[in-house]
file model00.txt (compact mmCIF, C-alpha atoms)
# COMPACT_ATOMS: atom_id res chain seq x y z
CA MET I 1 253.86 27.25 78.14
CA ILE I 2 252.91 27.86 74.51
CA GLU I 3 249.68 29.80 74.00
CA PHE I 4 247.75 29.31 70.76
CA VAL I 5 245.70 32.43 70.08
CA LYS I 6 244.51 32.22 66.47
CA LYS I 7 243.38 29.86 63.74
CA VAL I 8 245.48 30.43 60.65
CA GLU I 9 244.50 27.83 58.06
CA ASN I 10 242.71 24.58 57.36
CA PRO I 11 244.49 22.57 54.66
CA GLY I 12 241.70 19.95 54.69
CA ARG I 13 244.12 17.13 55.46
CA ARG I 14 246.66 16.10 58.07
CA ASP I 15 249.98 17.94 57.83
CA ASP I 16 252.55 15.49 59.24
CA ARG I 17 255.12 18.29 59.65
CA LEU I 18 253.08 19.80 62.52
CA PRO I 19 252.42 18.45 66.00
CA CYS I 20 248.76 17.68 66.53
CA VAL I 21 246.21 17.70 69.30
CA ALA I 22 243.28 15.27 69.26
CA LEU I 23 240.04 16.87 70.42
CA ASN I 24 236.49 15.52 70.48
CA SER I 25 233.52 17.56 69.23
CA ASP I 26 232.88 19.21 72.62
CA GLU I 27 236.55 20.06 73.15
CA ARG I 28 236.73 21.70 69.70
CA ARG I 29 234.09 24.21 70.89
CA LEU I 30 236.13 25.31 73.94
CA VAL I 31 237.95 28.56 73.26
CA ARG I 32 239.89 28.50 76.54
CA GLN I 33 241.52 25.23 77.47
CA LYS I 34 244.73 23.43 78.33
CA ILE I 35 245.83 20.85 75.75
CA THR I 36 248.47 18.16 75.42
CA MET I 37 249.96 17.78 71.97
CA ASP I 38 251.02 14.44 70.51
CA ASN I 39 254.65 15.32 71.38
CA ARG I 40 253.48 15.38 75.04
CA GLU I 41 254.06 19.13 75.30
CA GLU I 42 251.36 21.04 77.17
CA ALA I 43 249.93 24.26 75.78
CA ALA I 44 246.98 26.57 76.20
CA VAL I 45 244.33 27.63 73.70
CA PHE I 46 242.98 31.19 73.91
CA LEU I 47 240.77 31.77 70.85
CA ASP I 48 238.16 34.47 70.28
CA ARG I 49 234.80 33.76 71.86
CA GLY I 50 232.45 32.01 69.47
CA SER I 51 235.30 30.28 67.62
CA VAL I 52 234.88 26.62 66.81
CA MET I 53 237.86 24.51 65.85
CA LYS I 54 237.34 22.18 62.91
CA ILE I 55 239.25 19.02 62.19
CA TYR I 56 242.53 19.98 60.45
CA ASP I 57 242.45 23.61 61.64
CA VAL I 58 245.92 24.92 62.41
CA LEU I 59 246.38 27.02 65.53
CA GLU I 60 249.23 29.47 65.89
CA SER I 61 250.96 31.29 68.74
CA ASP I 62 250.88 35.09 68.80
CA ASP I 63 254.49 35.34 67.61
CA GLY I 64 253.87 32.82 64.79
CA LYS I 65 256.69 30.55 65.93
CA ASN I 66 254.50 27.67 67.11
CA LYS I 67 251.72 25.82 65.33
CA VAL I 68 249.59 22.79 66.14
CA GLN I 69 247.01 21.00 64.01
CA VAL I 70 243.66 19.90 65.39
CA VAL I 71 242.64 16.33 64.63
CA GLY I 72 239.45 14.51 65.57
CA LYS I 73 239.43 12.31 68.65
CA SER I 74 237.25 9.22 68.43
CA GLU I 75 234.11 9.30 70.52
CA GLU I 76 230.92 7.26 70.70
CA VAL I 77 228.49 8.35 67.99
CA VAL I 78 225.32 6.94 66.51
CA SER I 79 225.25 6.08 62.81
CA ALA I 80 221.79 6.32 61.27
CA ARG I 81 221.46 4.90 57.75
CA ALA I 82 218.40 5.32 55.54
CA HIS I 83 217.40 3.10 52.62
CA ASP I 84 215.86 5.93 50.59
CA TRP I 85 216.17 9.69 50.25
CA LEU I 86 212.68 10.48 51.56
CA SER I 87 213.30 8.71 54.89
CA PHE I 88 216.71 10.35 55.06
CA ALA I 89 215.27 13.83 54.44
CA LYS I 90 212.51 13.33 57.02
CA ALA I 91 215.00 12.15 59.66
CA CYS I 92 217.33 15.09 59.00
CA TYR I 93 214.37 17.46 59.19
CA TYR I 94 213.11 16.08 62.51
CA LEU I 95 216.54 15.97 64.13
CA GLY I 96 217.32 19.43 62.78
CA ASN I 97 214.13 20.74 64.38
CA ARG I 98 215.50 19.44 67.67
CA HIS I 99 218.78 21.29 67.01
CA ALA I 100 220.71 18.04 67.21
CA PRO I 101 224.24 18.42 65.80
CA LEU I 102 224.55 16.12 62.77
CA GLU I 103 227.38 15.00 60.54
CA ILE I 104 225.69 14.26 57.21
CA LYS I 105 226.84 11.86 54.48
CA ASP I 106 224.98 10.12 51.60
CA LEU I 107 221.92 8.40 53.14
CA GLU I 108 223.70 8.32 56.50
CA PHE I 109 224.21 10.77 59.33
CA PHE I 110 225.88 10.68 62.70
CA PHE I 111 224.93 12.21 66.05
CA LEU I 112 225.89 11.91 69.69
CA PRO I 113 224.05 9.15 71.59
CA ASP I 114 220.55 10.15 72.63
CA ARG I 115 217.89 7.51 73.33
CA VAL I 116 214.98 9.71 72.15
CA LEU I 117 216.69 10.56 68.84
CA GLU I 118 217.66 6.94 68.30
CA GLU I 119 214.03 5.83 68.81
CA LEU I 120 212.86 8.52 66.38
CA CYS I 121 215.28 7.23 63.73
CA LEU I 122 214.09 3.66 64.26
CA ARG I 123 210.43 4.74 63.88
CA LEU I 124 211.38 6.40 60.58
CA GLY I 125 212.85 3.10 59.35
CA LEU I 126 216.55 3.95 59.67
CA GLU I 127 219.15 1.43 60.81
CA ILE I 128 221.17 2.66 63.74
CA SER I 129 224.44 1.48 65.25
CA HIS I 130 226.87 2.79 67.84
CA ILE I 131 230.38 3.34 66.56
CA SER I 132 233.58 5.03 67.66
CA ALA I 133 234.66 7.81 65.28
CA ALA I 134 235.75 11.43 65.12
CA PHE I 135 232.51 13.45 65.07
CA ALA I 136 232.47 16.50 62.78
CA PRO I 137 228.94 17.95 62.82
CA GLU I 138 227.73 20.43 60.24
CA GLU I 139 228.44 24.02 61.25
CA GLY I 140 224.99 25.30 60.37
CA ALA I 141 223.67 27.87 57.95
CA TYR I 142 224.96 30.88 59.86
CA ALA I 143 228.42 29.59 60.81
CA HIS I 144 230.41 31.61 58.27
CA HIS I 145 228.24 34.59 57.41
CA HIS I 146 226.36 36.83 59.77
CA HIS I 147 224.51 39.56 57.95
CA SER I 148 222.47 42.20 59.64
CA HIS I 149 221.89 45.84 58.98
CA GLU I 150 223.77 46.90 62.07
CA HIS I 151 226.89 47.52 60.00
CA ASP I 152 228.46 50.27 57.99
CA HIS I 153 228.77 49.91 54.24
CA ALA I 154 228.18 51.93 51.16
CA HIS I 155 225.22 50.80 49.11
CA GLU I 156 227.58 50.46 46.16
CA GLU I 157 228.89 47.30 47.87
CA HIS I 158 225.49 45.75 47.19
CA GLY I 159 225.23 47.07 43.65
CA GLY I 160 223.60 50.32 44.78
CA HIS I 161 220.24 48.65 45.49
CA ASP I 162 217.61 49.73 47.96
CA HIS I 163 217.40 47.42 51.00
CA ASP I 164 213.61 47.71 50.98
CA GLU I 165 213.55 45.48 47.89
CA HIS I 166 214.39 42.32 49.85
CA ASP I 167 215.30 40.85 53.21
CA HIS I 168 218.92 39.72 53.75
CA ASP I 169 217.82 37.32 56.49
CA GLU I 170 215.95 35.01 54.12
call {"tool": "encode", "arguments": {"input": "model00.txt", "output": "C-alpha cells"}}
result
Amino acid sequence: MIEFVKKVENPGRRDDRLPCVALNSDERRLVRQKITMDNREEAAVFLDRGSVMKIYDVLESDDGKNKVQVVGKSEEVVSARAHDWLSFAKACYYLGNRHAPLEIKDLEFFFLPDRVLEELCLRLGLEISHISAAFAPEEGAYAHHHHSHEHDHAHEEHGGHDHDEHDHDE
C-alpha cells in the first residue's frame, strides 16, 4: 500500500496528470487516514501532526515515486449572503467570535450547517441557503506563521532591534 508522508506543493489548480483523492473539510484535517484515490487504488496518509490539507495540495510518498492531489469533496454547507458590507462585517465578526470555520467571498460566506448560526445570520438580515459544495474554510491568522520568543535567532535577523520595543504577538 502506498503511504503519502508529505505535502510537496499546491499549484492552485487541478493537475490532470496526477491521480486525485476527494476529501471533505473534516477529512482534510486528518493526518492519519486510509484513502481511496480516483483510480480506485487504496493508500494511507501519514502527515505531521497539525498538518491540514488544502484543496489542490499534492501529497508524496517518502521515495518520491508516488503523488496524489487533494480535491474538495462536496458536502452540505450554508451560504450566507449579505446585501451590504456592514451586515457582512458584523456577521463575520459574530461567527468568528464563535470560532466557526468560514469560507469568505465578496458579501457571502459559507459554513457547516448549524441552526444557531443560521438564526444569527437571519437576525442580521442575511439570506441563507443550503447548498452542496466543496468547503474550504479560511485557515486563520496563525495558520502559516507561529512566532514566539522560544526560538533561537540572532538579533540581526530582525534588523538588530531590541525586542522590548514591541510585541511580536500583536
call {"tool": "atom_distance", "arguments": {"input": "model00.txt", "atom1": "atom CA of Ala82 of chain I", "atom2": "atom CA of Leu112 of chain I"}}
result
17.3 Å
call {"tool": "closest_residue", "arguments": {"input": "model00.txt", "among": "I:Cys20, I:Ser87, I:Glu138, I:Asn39", "to": "Lys67 of chain I", "atoms": "only C-alpha atoms"}}
result
I:Cys20
call {"tool": "atom_distance", "arguments": {"input": "model00.txt", "atom1": "atom CA of Leu23 of chain I", "atom2": "atom CA of Ile104 of chain I"}}
result
19.7 Å
call {"tool": "closest_residue", "arguments": {"input": "model00.txt", "among": "I:Val5, I:Leu126, I:Leu102, I:Val70", "to": "Asp48 of chain I", "atoms": "all atoms listed in the file"}}
result
I:Val5
call {"tool": "residues_around", "arguments": {"input": "model00.txt", "residues": "Val68 of chain I", "least_positions_apart": "2", "cutoff": "12 Å", "atoms": "all atoms listed in the file", "output": "PyMOL selection string"}}
result
chain I and resi 2-10+14-22+35-39+41-45+53+55-61+64-66+70-71
call {"tool": "write_last_selection", "arguments": {"input": "model00.txt", "atoms": "C-alpha atoms", "output": "PDB file, keeping the file's coordinate frame"}}
result
ATOM      1  CA  ILE I   2     252.910  27.860  74.510  1.00  0.00           C
ATOM      2  CA  GLU I   3     249.680  29.800  74.000  1.00  0.00           C
ATOM      3  CA  PHE I   4     247.750  29.310  70.760  1.00  0.00           C
ATOM      4  CA  VAL I   5     245.700  32.430  70.080  1.00  0.00           C
ATOM      5  CA  LYS I   6     244.510  32.220  66.470  1.00  0.00           C
ATOM      6  CA  LYS I   7     243.380  29.860  63.740  1.00  0.00           C
ATOM      7  CA  VAL I   8     245.480  30.430  60.650  1.00  0.00           C
ATOM      8  CA  GLU I   9     244.500  27.830  58.060  1.00  0.00           C
ATOM      9  CA  ASN I  10     242.710  24.580  57.360  1.00  0.00           C
ATOM     10  CA  ARG I  14     246.660  16.100  58.070  1.00  0.00           C
ATOM     11  CA  ASP I  15     249.980  17.940  57.830  1.00  0.00           C
ATOM     12  CA  ASP I  16     252.550  15.490  59.240  1.00  0.00           C
ATOM     13  CA  ARG I  17     255.120  18.290  59.650  1.00  0.00           C
ATOM     14  CA  LEU I  18     253.080  19.800  62.520  1.00  0.00           C
ATOM     15  CA  PRO I  19     252.420  18.450  66.000  1.00  0.00           C
ATOM     16  CA  CYS I  20     248.760  17.680  66.530  1.00  0.00           C
ATOM     17  CA  VAL I  21     246.210  17.700  69.300  1.00  0.00           C
ATOM     18  CA  ALA I  22     243.280  15.270  69.260  1.00  0.00           C
ATOM     19  CA  ILE I  35     245.830  20.850  75.750  1.00  0.00           C
ATOM     20  CA  THR I  36     248.470  18.160  75.420  1.00  0.00           C
ATOM     21  CA  MET I  37     249.960  17.780  71.970  1.00  0.00           C
ATOM     22  CA  ASP I  38     251.020  14.440  70.510  1.00  0.00           C
ATOM     23  CA  ASN I  39     254.650  15.320  71.380  1.00  0.00           C
ATOM     24  CA  GLU I  41     254.060  19.130  75.300  1.00  0.00           C
ATOM     25  CA  GLU I  42     251.360  21.040  77.170  1.00  0.00           C
ATOM     26  CA  ALA I  43     249.930  24.260  75.780  1.00  0.00           C
ATOM     27  CA  ALA I  44     246.980  26.570  76.200  1.00  0.00           C
ATOM     28  CA  VAL I  45     244.330  27.630  73.700  1.00  0.00           C
ATOM     29  CA  MET I  53     237.860  24.510  65.850  1.00  0.00           C
ATOM     30  CA  ILE I  55     239.250  19.020  62.190  1.00  0.00           C
ATOM     31  CA  TYR I  56     242.530  19.980  60.450  1.00  0.00           C
ATOM     32  CA  ASP I  57     242.450  23.610  61.640  1.00  0.00           C
ATOM     33  CA  VAL I  58     245.920  24.920  62.410  1.00  0.00           C
ATOM     34  CA  LEU I  59     246.380  27.020  65.530  1.00  0.00           C
ATOM     35  CA  GLU I  60     249.230  29.470  65.890  1.00  0.00           C
ATOM     36  CA  SER I  61     250.960  31.290  68.740  1.00  0.00           C
ATOM     37  CA  GLY I  64     253.870  32.820  64.790  1.00  0.00           C
ATOM     38  CA  LYS I  65     256.690  30.550  65.930  1.00  0.00           C
ATOM     39  CA  ASN I  66     254.500  27.670  67.110  1.00  0.00           C
ATOM     40  CA  VAL I  70     243.660  19.900  65.390  1.00  0.00           C
ATOM     41  CA  VAL I  71     242.640  16.330  64.630  1.00  0.00           C
TER      42      VAL I  71
END
call {"tool": "residues_around", "arguments": {"input": "model00.txt", "residues": "Ala136 of chain I", "least_positions_apart": "4", "cutoff": "9 Å", "atoms": "all atoms listed in the file", "output": "ChimeraX atom specification"}}
result
/I:24-25,54-55,72,101-103,110
call {"tool": "atom_distance", "arguments": {"input": "model00.txt", "atom1": "atom CA of Asp62 of chain I", "atom2": "atom CA of Ser74 of chain I"}}
result
29.2 Å
